[in-house]
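Chemist: Below are the structure tokens for one structure; questions will follow.
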Amino acid sequence: MPTVLLVRHGRTTANVQGVLAGRTAGVRLDTVGREQALRTAARLAEVPLAAVVTSPLERCRQTARVVVEHQQGTAGGTPTTLVEHGITECDYGQWQGRALRDLAQEPLWSQVQAQPSAVTFPGGESLAAMQSRSVAAIRGHDAALGEQHGAGAVWAAVAHGDIIKSVLADALGMHLDLFQRIAVGPASVSIVRYGPHRPEVVAVNTDAGDLSWLRGAAPAGDAPVGGGAGPGAS
């Protein structure tokens, strides 16, 4: 199966202000966020991407646009860009737009931390529903791109922190109640392969490092006993 690079959008004005942006329109990358997106795009430019799939929200589309611009001139050419509503931000309902310091005083906050599988945001979405739609969207695109481009294809999905954390939890075989143990920073890259036997989580929350080895990475198969020789081994 292909390799998916899970990219979180760069830092936004709402992140700096400590506000839960949710699906609020007009939330854009700040200066630092744009620099983060550029650094991540430069890392991904080492790997010809078959496609870039993005959340419809502006901050993700900005990040995806930078990634695509840096793909021009690579061996694979400019990748297809797709907007996927299945990986849009969680619908936080009445929590949207509020300061995180105030939300931390809400009785529901402790459940978000300790038992997220039981959380439904007032007037919004449950975290379980968020994970279900996100995982279905990522796995669906992965299967389709595998059929179109072969098992060695690499593609990127640009989404949001909680979305990526929930996809990683699924790939790791973790219960949703444990997904708060995963950190996903702005413009970070996490790497997953959905192999024939199980998903393989190759990397989580990286913000630096060479990714050129993905150009010749073998499709996921049996796990090497002992850990194997790593990428680039002959």
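Naming works like this for the structure tokens: A, B, ... for the chains as they're shown, residue 1 at the start of each chain, ligands 1 onward in shown order.
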Considering only C-alpha atoms, return as a PyMOL selection string whatever protein or nucleic-acid residues lie within 7 Å of range 88-92 of chain A, sequence-local ones (same chain, fewer than 5 positions apart) excluded.

Modeler: chain A and resi 22-23+55-57+121+124-125+130+159-160+163

Chemist: For the residues selected in the previous step, produce a file with all heavy atoms as an mmCIF file, in the first residue's frame.

Modeler:
```cif
data_model
loop_
_atom_site.group_PDB
_atom_site.id
_atom_site.type_symbol
_atom_site.label_atom_id
_atom_site.label_comp_id
_atom_site.auth_asym_id
_atom_site.auth_seq_id
_atom_site.Cartn_x
_atom_site.Cartn_y
_atom_site.Cartn_z
ATOM 1 N N GLY A 22 -11.736 25.871 15.721
ATOM 2 C CA GLY A 22 -12.733 24.987 15.132
ATOM 3 C C GLY A 22 -12.889 25.233 13.647
ATOM 4 O O GLY A 22 -11.909 25.314 12.903
ATOM 5 N N ARG A 23 -14.129 25.435 13.212
ATOM 6 C CA ARG A 23 -14.407 25.662 11.794
ATOM 7 C C ARG A 23 -14.645 27.137 11.475
ATOM 8 O O ARG A 23 -15.213 27.464 10.438
ATOM 9 C CB ARG A 23 -15.622 24.826 11.377
ATOM 10 C CG ARG A 23 -15.405 23.325 11.564
ATOM 11 C CD ARG A 23 -16.623 22.520 11.162
ATOM 12 N NE ARG A 23 -16.389 21.088 11.328
ATOM 13 C CZ ARG A 23 -17.286 20.143 11.041
ATOM 14 N NH1 ARG A 23 -18.487 20.504 10.574
ATOM 15 N NH2 ARG A 23 -17.004 18.870 11.211
ATOM 16 N N SER A 55 -7.928 19.359 4.103
ATOM 17 C CA SER A 55 -9.145 19.856 4.742
ATOM 18 C C SER A 55 -9.590 21.110 3.998
ATOM 19 O O SER A 55 -8.766 21.865 3.482
ATOM 20 C CB SER A 55 -8.859 20.192 6.203
ATOM 21 O OG SER A 55 -9.781 21.133 6.727
ATOM 22 N N PRO A 56 -10.897 21.391 3.960
ATOM 23 C CA PRO A 56 -11.361 22.584 3.259
ATOM 24 C C PRO A 56 -11.081 23.891 3.984
ATOM 25 O O PRO A 56 -11.224 24.966 3.377
ATOM 26 C CB PRO A 56 -12.875 22.350 3.142
ATOM 27 C CG PRO A 56 -13.217 21.433 4.273
ATOM 28 C CD PRO A 56 -12.021 20.548 4.424
ATOM 29 N N LEU A 57 -10.664 23.842 5.237
ATOM 30 C CA LEU A 57 -10.471 25.083 5.983
ATOM 31 C C LEU A 57 -9.214 25.820 5.510
ATOM 32 O O LEU A 57 -8.226 25.213 5.096
ATOM 33 C CB LEU A 57 -10.407 24.797 7.478
ATOM 34 C CG LEU A 57 -11.725 24.245 8.070
ATOM 35 C CD1 LEU A 57 -11.589 24.019 9.561
ATOM 36 C CD2 LEU A 57 -12.890 25.171 7.774
ATOM 37 N N PHE A 121 -19.347 17.367 21.900
ATOM 38 C CA PHE A 121 -19.301 18.791 22.218
ATOM 39 C C PHE A 121 -20.694 19.396 22.122
ATOM 40 O O PHE A 121 -21.471 19.054 21.217
ATOM 41 C CB PHE A 121 -18.328 19.508 21.271
ATOM 42 C CG PHE A 121 -16.905 19.105 21.488
ATOM 43 C CD1 PHE A 121 -16.298 18.157 20.672
ATOM 44 C CD2 PHE A 121 -16.180 19.640 22.543
ATOM 45 C CE1 PHE A 121 -14.992 17.776 20.891
ATOM 46 C CE2 PHE A 121 -14.867 19.253 22.773
ATOM 47 C CZ PHE A 121 -14.272 18.311 21.941
ATOM 48 N N GLY A 124 -22.340 20.267 18.920
ATOM 49 C CA GLY A 124 -21.359 19.890 17.910
ATOM 50 C C GLY A 124 -21.261 18.389 17.708
ATOM 51 O O GLY A 124 -22.243 17.653 17.809
ATOM 52 N N GLU A 125 -20.047 17.933 17.466
ATOM 53 C CA GLU A 125 -19.759 16.570 17.042
ATOM 54 C C GLU A 125 -19.145 15.778 18.188
ATOM 55 O O GLU A 125 -18.522 16.345 19.092
ATOM 56 C CB GLU A 125 -18.776 16.649 15.869
ATOM 57 C CG GLU A 125 -18.387 15.357 15.220
ATOM 58 C CD GLU A 125 -17.444 15.584 14.033
ATOM 59 O OE1 GLU A 125 -16.701 16.608 14.031
ATOM 60 O OE2 GLU A 125 -17.439 14.753 13.107
ATOM 61 N N MET A 130 -15.807 12.081 14.848
ATOM 62 C CA MET A 130 -14.681 12.733 14.180
ATOM 63 C C MET A 130 -13.644 11.707 13.734
ATOM 64 O O MET A 130 -13.173 11.718 12.595
ATOM 65 C CB MET A 130 -14.030 13.743 15.121
ATOM 66 C CG MET A 130 -12.803 14.446 14.558
ATOM 67 S SD MET A 130 -11.708 15.125 15.850
ATOM 68 C CE MET A 130 -10.957 13.607 16.480
ATOM 69 N N ALA A 159 -4.178 18.366 7.449
ATOM 70 C CA ALA A 159 -5.360 18.398 8.315
ATOM 71 C C ALA A 159 -5.033 19.087 9.633
ATOM 72 O O ALA A 159 -4.098 19.889 9.730
ATOM 73 C CB ALA A 159 -5.886 16.977 8.535
ATOM 74 N N HIS A 160 -5.786 18.758 10.665
ATOM 75 C CA HIS A 160 -5.770 19.450 11.958
ATOM 76 C C HIS A 160 -5.246 18.519 13.051
ATOM 77 O O HIS A 160 -5.239 17.293 12.899
ATOM 78 C CB HIS A 160 -7.180 19.922 12.294
ATOM 79 C CG HIS A 160 -7.811 20.694 11.175
ATOM 80 N ND1 HIS A 160 -7.723 22.065 11.076
ATOM 81 C CD2 HIS A 160 -8.531 20.281 10.096
ATOM 82 C CE1 HIS A 160 -8.362 22.466 9.981
ATOM 83 N NE2 HIS A 160 -8.859 21.407 9.372
ATOM 84 N N ILE A 163 -7.588 15.738 14.338
ATOM 85 C CA ILE A 163 -7.835 14.811 13.236
ATOM 86 C C ILE A 163 -6.656 13.855 13.088
ATOM 87 O O ILE A 163 -6.816 12.625 13.041
ATOM 88 C CB ILE A 163 -8.062 15.584 11.915
ATOM 89 C CG1 ILE A 163 -9.286 16.497 12.012
ATOM 90 C CG2 ILE A 163 -8.177 14.611 10.738
ATOM 91 C CD1 ILE A 163 -10.595 15.793 12.156
#
```

Chemist: Please, which residues of range 47-131 of chain A, numbered as in this document, come out strand (DSSP E) from DSSP, as a VMD selection string?

Modeler: chain A and resid 51 to 54 80 to 83

Chemist: How about saving the chosen residues, all heavy atoms kept, as an mmCIF file, in the first residue's frame?

Modeler:
```
data_model
loop_
_atom_site.group_PDB
_atom_site.id
_atom_site.type_symbol
_atom_site.label_atom_id
_atom_site.label_comp_id
_atom_site.auth_asym_id
_atom_site.auth_seq_id
_atom_site.Cartn_x
_atom_site.Cartn_y
_atom_site.Cartn_z
ATOM 1 N N ALA A 51 -0.431 12.862 -4.678
ATOM 2 C CA ALA A 51 -1.575 13.751 -4.445
ATOM 3 C C ALA A 51 -1.375 14.482 -3.129
ATOM 4 O O ALA A 51 -0.637 14.023 -2.245
ATOM 5 C CB ALA A 51 -2.879 12.962 -4.402
ATOM 6 N N VAL A 52 -2.027 15.634 -3.026
ATOM 7 C CA VAL A 52 -2.115 16.360 -1.756
ATOM 8 C C VAL A 52 -3.603 16.529 -1.461
ATOM 9 O O VAL A 52 -4.323 17.169 -2.217
ATOM 10 C CB VAL A 52 -1.415 17.729 -1.820
ATOM 11 C CG1 VAL A 52 -1.624 18.497 -0.518
ATOM 12 C CG2 VAL A 52 0.076 17.560 -2.101
ATOM 13 N N VAL A 53 -4.042 15.921 -0.375
ATOM 14 C CA VAL A 53 -5.444 15.965 0.049
ATOM 15 C C VAL A 53 -5.531 16.903 1.237
ATOM 16 O O VAL A 53 -4.754 16.777 2.191
ATOM 17 C CB VAL A 53 -5.951 14.565 0.413
ATOM 18 C CG1 VAL A 53 -7.400 14.615 0.882
ATOM 19 C CG2 VAL A 53 -5.813 13.611 -0.773
ATOM 20 N N THR A 54 -6.461 17.848 1.198
ATOM 21 C CA THR A 54 -6.499 18.864 2.253
ATOM 22 C C THR A 54 -7.891 19.043 2.836
ATOM 23 O O THR A 54 -8.901 18.898 2.136
ATOM 24 C CB THR A 54 -5.989 20.226 1.730
ATOM 25 O OG1 THR A 54 -6.057 21.207 2.771
ATOM 26 C CG2 THR A 54 -6.785 20.718 0.539
ATOM 27 N N THR A 80 -1.833 16.049 -7.905
ATOM 28 C CA THR A 80 -3.245 16.381 -7.845
ATOM 29 C C THR A 80 -3.582 16.930 -6.464
ATOM 30 O O THR A 80 -3.103 16.422 -5.448
ATOM 31 C CB THR A 80 -4.092 15.122 -8.108
ATOM 32 O OG1 THR A 80 -3.754 14.600 -9.384
ATOM 33 C CG2 THR A 80 -5.585 15.435 -8.053
ATOM 34 N N THR A 81 -4.399 17.973 -6.410
ATOM 35 C CA THR A 81 -4.867 18.523 -5.134
ATOM 36 C C THR A 81 -6.345 18.222 -4.975
ATOM 37 O O THR A 81 -7.147 18.501 -5.874
ATOM 38 C CB THR A 81 -4.642 20.042 -5.061
ATOM 39 O OG1 THR A 81 -3.253 20.328 -5.271
ATOM 40 C CG2 THR A 81 -5.053 20.584 -3.703
ATOM 41 N N LEU A 82 -6.703 17.642 -3.848
ATOM 42 C CA LEU A 82 -8.083 17.268 -3.568
ATOM 43 C C LEU A 82 -8.523 17.860 -2.235
ATOM 44 O O LEU A 82 -7.758 17.828 -1.256
ATOM 45 C CB LEU A 82 -8.240 15.742 -3.517
ATOM 46 C CG LEU A 82 -7.811 14.962 -4.764
ATOM 47 C CD1 LEU A 82 -7.763 13.478 -4.454
ATOM 48 C CD2 LEU A 82 -8.769 15.235 -5.918
ATOM 49 N N VAL A 83 -9.731 18.381 -2.187
ATOM 50 C CA VAL A 83 -10.305 18.870 -0.928
ATOM 51 C C VAL A 83 -11.181 17.775 -0.352
ATOM 52 O O VAL A 83 -12.056 17.234 -1.048
ATOM 53 C CB VAL A 83 -11.124 20.159 -1.157
ATOM 54 C CG1 VAL A 83 -11.820 20.583 0.127
ATOM 55 C CG2 VAL A 83 -10.216 21.278 -1.672
#
```

Chemist: So, with only C-alpha atoms as the atoms that count, which of A:Glu84, A:Asp177, A:Asp207, A:Glu58 lies closest to Ile191 in chain A?

Modeler: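 Closest to Ile191 in chain A of all the choices is A:Asp207.
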
Chemist: Find the spatial neighbours of Leu168 in chain A, counting only C-alpha atoms, within a cut-off of 9 Å - ignore same-chain residues fewer than 6 positions away - and output them as a PyMOL selection string.

Modeler: chain A and resi 6+135+174+179+182+190-192+201+204

Chemist: For Leu103 in chain A, work out the shell of residues within 12 Å, counting only C-alpha atoms and skipping chain neighbours fewer than 3 positions away, then give it as a list of chain:residue names.

Modeler: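 Surrounding residues, per the criterion: A:Gly18, A:Val19, A:Leu20, A:Tyr92, A:Gln94, A:Trp95, A:Gln96, A:Gly97, A:Arg98, A:Ala99, A:Leu100, A:Glu106, A:Pro107, A:Leu108, A:Trp109, A:Ser110, A:Gln111, A:Val112, A:Phe121.
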
Chemist: Which residues, written as an MDAnalysis selection string, have at least one atom at most 8 Å from Leu44 in chain A, with only C-alpha atoms counted and residues fewer than 3 positions away on the same chain left out?

Modeler: chainID A and resid 40:41 47:48 67 70:71 211

Chemist: Could the residues in this selection be saved with N, CA and C atoms as a compact mmCIF listing (two decimals), in the first residue's frame?

Modeler:
```txt
# COMPACT_ATOMS: atom_id res chain seq x y z
N THR A 40 8.30 22.72 5.98
CA THR A 40 7.73 21.40 5.75
C THR A 40 7.63 21.10 4.27
N ALA A 41 7.23 22.09 3.48
CA ALA A 41 7.15 21.90 2.04
C ALA A 41 8.51 21.57 1.45
N VAL A 47 10.37 14.31 -2.08
CA VAL A 47 9.59 13.13 -2.42
C VAL A 47 8.49 13.51 -3.42
N PRO A 48 8.48 12.95 -4.63
CA PRO A 48 7.38 13.22 -5.55
C PRO A 48 6.06 12.69 -4.97
N VAL A 67 2.93 23.35 -0.10
CA VAL A 67 3.47 22.01 -0.39
C VAL A 67 3.44 21.74 -1.89
N HIS A 70 6.04 23.63 -3.96
CA HIS A 70 7.39 23.09 -3.84
C HIS A 70 7.54 21.75 -4.57
N GLN A 71 6.45 21.17 -5.03
CA GLN A 71 6.53 19.93 -5.79
C GLN A 71 6.82 20.19 -7.26
N LEU A 211 13.58 13.39 4.22
CA LEU A 211 12.53 12.46 3.82
C LEU A 211 12.80 11.84 2.45
```

Chemist: I want to know what sits within 9 Å of Pro199 in chain A, based on only C-alpha atoms, with residues of the same chain fewer than 4 positions away left out; could you give that as an NGL selection string?

Modeler: :A and (170-173 or 192-195 or 220)

Chemist: From range 36-223 of chain A, collect each residue whose DSSP state is helix (DSSP H, G or I) and return the set as an MDAnalysis selection string.

Modeler: chainID A and resid 36:44 58:71 85:87 93:95 100:103 107:114 116:118 127:149 161:172 176:181 212:216

Chemist: Which residues, written as a short mmCIF file (atom, residue, chain, number, x, y, z; two decimals) with N, CA, C and O atoms, in the first residue's frame, have at least one atom at most 6 Å from range 147-158 of chain A, with only C-alpha atoms counted and residues fewer than 2 positions away on the same chain left out?

Modeler:
```cif
data_model
loop_
_atom_site.label_atom_id
_atom_site.label_comp_id
_atom_site.auth_asym_id
_atom_site.auth_seq_id
_atom_site.Cartn_x
_atom_site.Cartn_y
_atom_site.Cartn_z
N MET A 1 0.84 -1.19 0.00
CA MET A 1 0.00 0.00 0.00
C MET A 1 0.88 1.25 0.00
O MET A 1 2.06 1.20 0.33
N PRO A 2 0.32 2.40 -0.36
CA PRO A 2 1.10 3.65 -0.40
C PRO A 2 1.52 4.11 0.99
O PRO A 2 1.21 3.49 2.01
N THR A 3 2.23 5.23 0.99
CA THR A 3 2.65 5.89 2.23
C THR A 3 1.94 7.23 2.32
O THR A 3 1.94 8.00 1.36
N VAL A 4 1.31 7.50 3.46
CA VAL A 4 0.63 8.78 3.65
C VAL A 4 1.41 9.63 4.65
O VAL A 4 1.82 9.14 5.72
N LEU A 5 1.65 10.87 4.27
CA LEU A 5 2.30 11.85 5.13
C LEU A 5 1.19 12.72 5.73
O LEU A 5 0.52 13.46 5.00
N LEU A 6 0.99 12.62 7.01
CA LEU A 6 -0.04 13.39 7.71
C LEU A 6 0.57 14.71 8.16
O LEU A 6 1.42 14.74 9.06
N VAL A 7 0.15 15.80 7.53
CA VAL A 7 0.74 17.11 7.76
C VAL A 7 -0.26 17.99 8.49
O VAL A 7 -1.38 18.22 8.01
N ARG A 8 0.12 18.49 9.64
CA ARG A 8 -0.74 19.47 10.31
C ARG A 8 -0.47 20.85 9.70
O ARG A 8 0.66 21.14 9.28
N LEU A 49 5.11 13.57 -4.77
CA LEU A 49 3.83 13.20 -4.18
C LEU A 49 2.81 12.88 -5.26
O LEU A 49 2.67 13.62 -6.24
N ALA A 50 2.08 11.80 -5.08
CA ALA A 50 1.02 11.44 -6.03
C ALA A 50 -0.17 12.37 -5.90
O ALA A 50 -0.87 12.64 -6.89
N ALA A 51 -0.43 12.86 -4.68
CA ALA A 51 -1.57 13.75 -4.44
C ALA A 51 -1.38 14.48 -3.13
O ALA A 51 -0.64 14.02 -2.24
N VAL A 52 -2.03 15.63 -3.03
CA VAL A 52 -2.11 16.36 -1.76
C VAL A 52 -3.60 16.53 -1.46
O VAL A 52 -4.32 17.17 -2.22
N VAL A 53 -4.04 15.92 -0.37
CA VAL A 53 -5.44 15.97 0.05
C VAL A 53 -5.53 16.90 1.24
O VAL A 53 -4.75 16.78 2.19
N THR A 54 -6.46 17.85 1.20
CA THR A 54 -6.50 18.86 2.25
C THR A 54 -7.89 19.04 2.84
O THR A 54 -8.90 18.90 2.14
N CYS A 60 -5.46 24.99 6.36
CA CYS A 60 -4.94 23.78 5.73
C CYS A 60 -4.71 23.99 4.24
O CYS A 60 -3.71 23.53 3.68
N ALA A 144 -7.46 4.23 -2.94
CA ALA A 144 -7.67 4.71 -4.30
C ALA A 144 -6.35 5.10 -4.96
O ALA A 144 -6.11 4.80 -6.14
N LEU A 145 -5.48 5.77 -4.20
CA LEU A 145 -4.19 6.19 -4.77
C LEU A 145 -3.28 4.99 -5.01
O LEU A 145 -2.47 5.00 -5.94
N PRO A 219 6.91 -1.00 0.02
CA PRO A 219 5.58 -1.06 0.63
C PRO A 219 5.63 -1.84 1.94
O PRO A 219 6.49 -2.70 2.14
#
```

Chemist: Which residue gives the smallest distance to Gly161 in chain A among A:Ser117, A:Gln36, A:Thr31, A:Ser188, with only C-alpha atoms counted?

Modeler: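 Smallest separation from Gly161 in chain A among the options: A:Ser188.
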
Chemist: Find the residue from A:Glu46, A:Asp162, A:Glu200, A:Glu35 that sits nearest to Leu176 in chain A; use only C-alpha atoms when measuring.

Modeler: A:Asp162

Chemist: So, counting only C-alpha atoms, which residue among A:Gly209, A:His141, A:Ile87, A:Arg101 is closest to Ala129 in chain A?

Modeler: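 Ranked by minimum distance to Ala129 in chain A, first place goes to A:Ile87.
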
Chemist: For a test of reading the model, state the distance in Å between CA of Gln180 in chain A and CA of Trp213 in chain A, rounded to one decimal.

Modeler: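 A separation of 29.7 Å between them.
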
Chemist: Calculate how many Å separate CA of Gln62 in chain A from CA of Ala137 in chain A, rounding to one decimal.

Modeler: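 Straight-line distance from CA of Gln62 in chain A to CA of Ala137 in chain A works out to 20.3 Å.
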
Chemist: For Val66 in chain A, which residue out of A:Ala169, A:Ile138, A:Ala203, A:Ala187 is the nearest one, using only C-alpha atoms?

Modeler: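 Using only C-alpha atoms, the shortest distance to Val66 in chain A belongs to A:Ala187.
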
Chemist: Quick one: pull the distance between CA of Ala183 in chain A and CA of Thr206 in chain A, Å, one decimal.

Modeler: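 So the two atoms, CA of Ala183 in chain A and CA of Thr206 in chain A, lie 10.0 Å apart.
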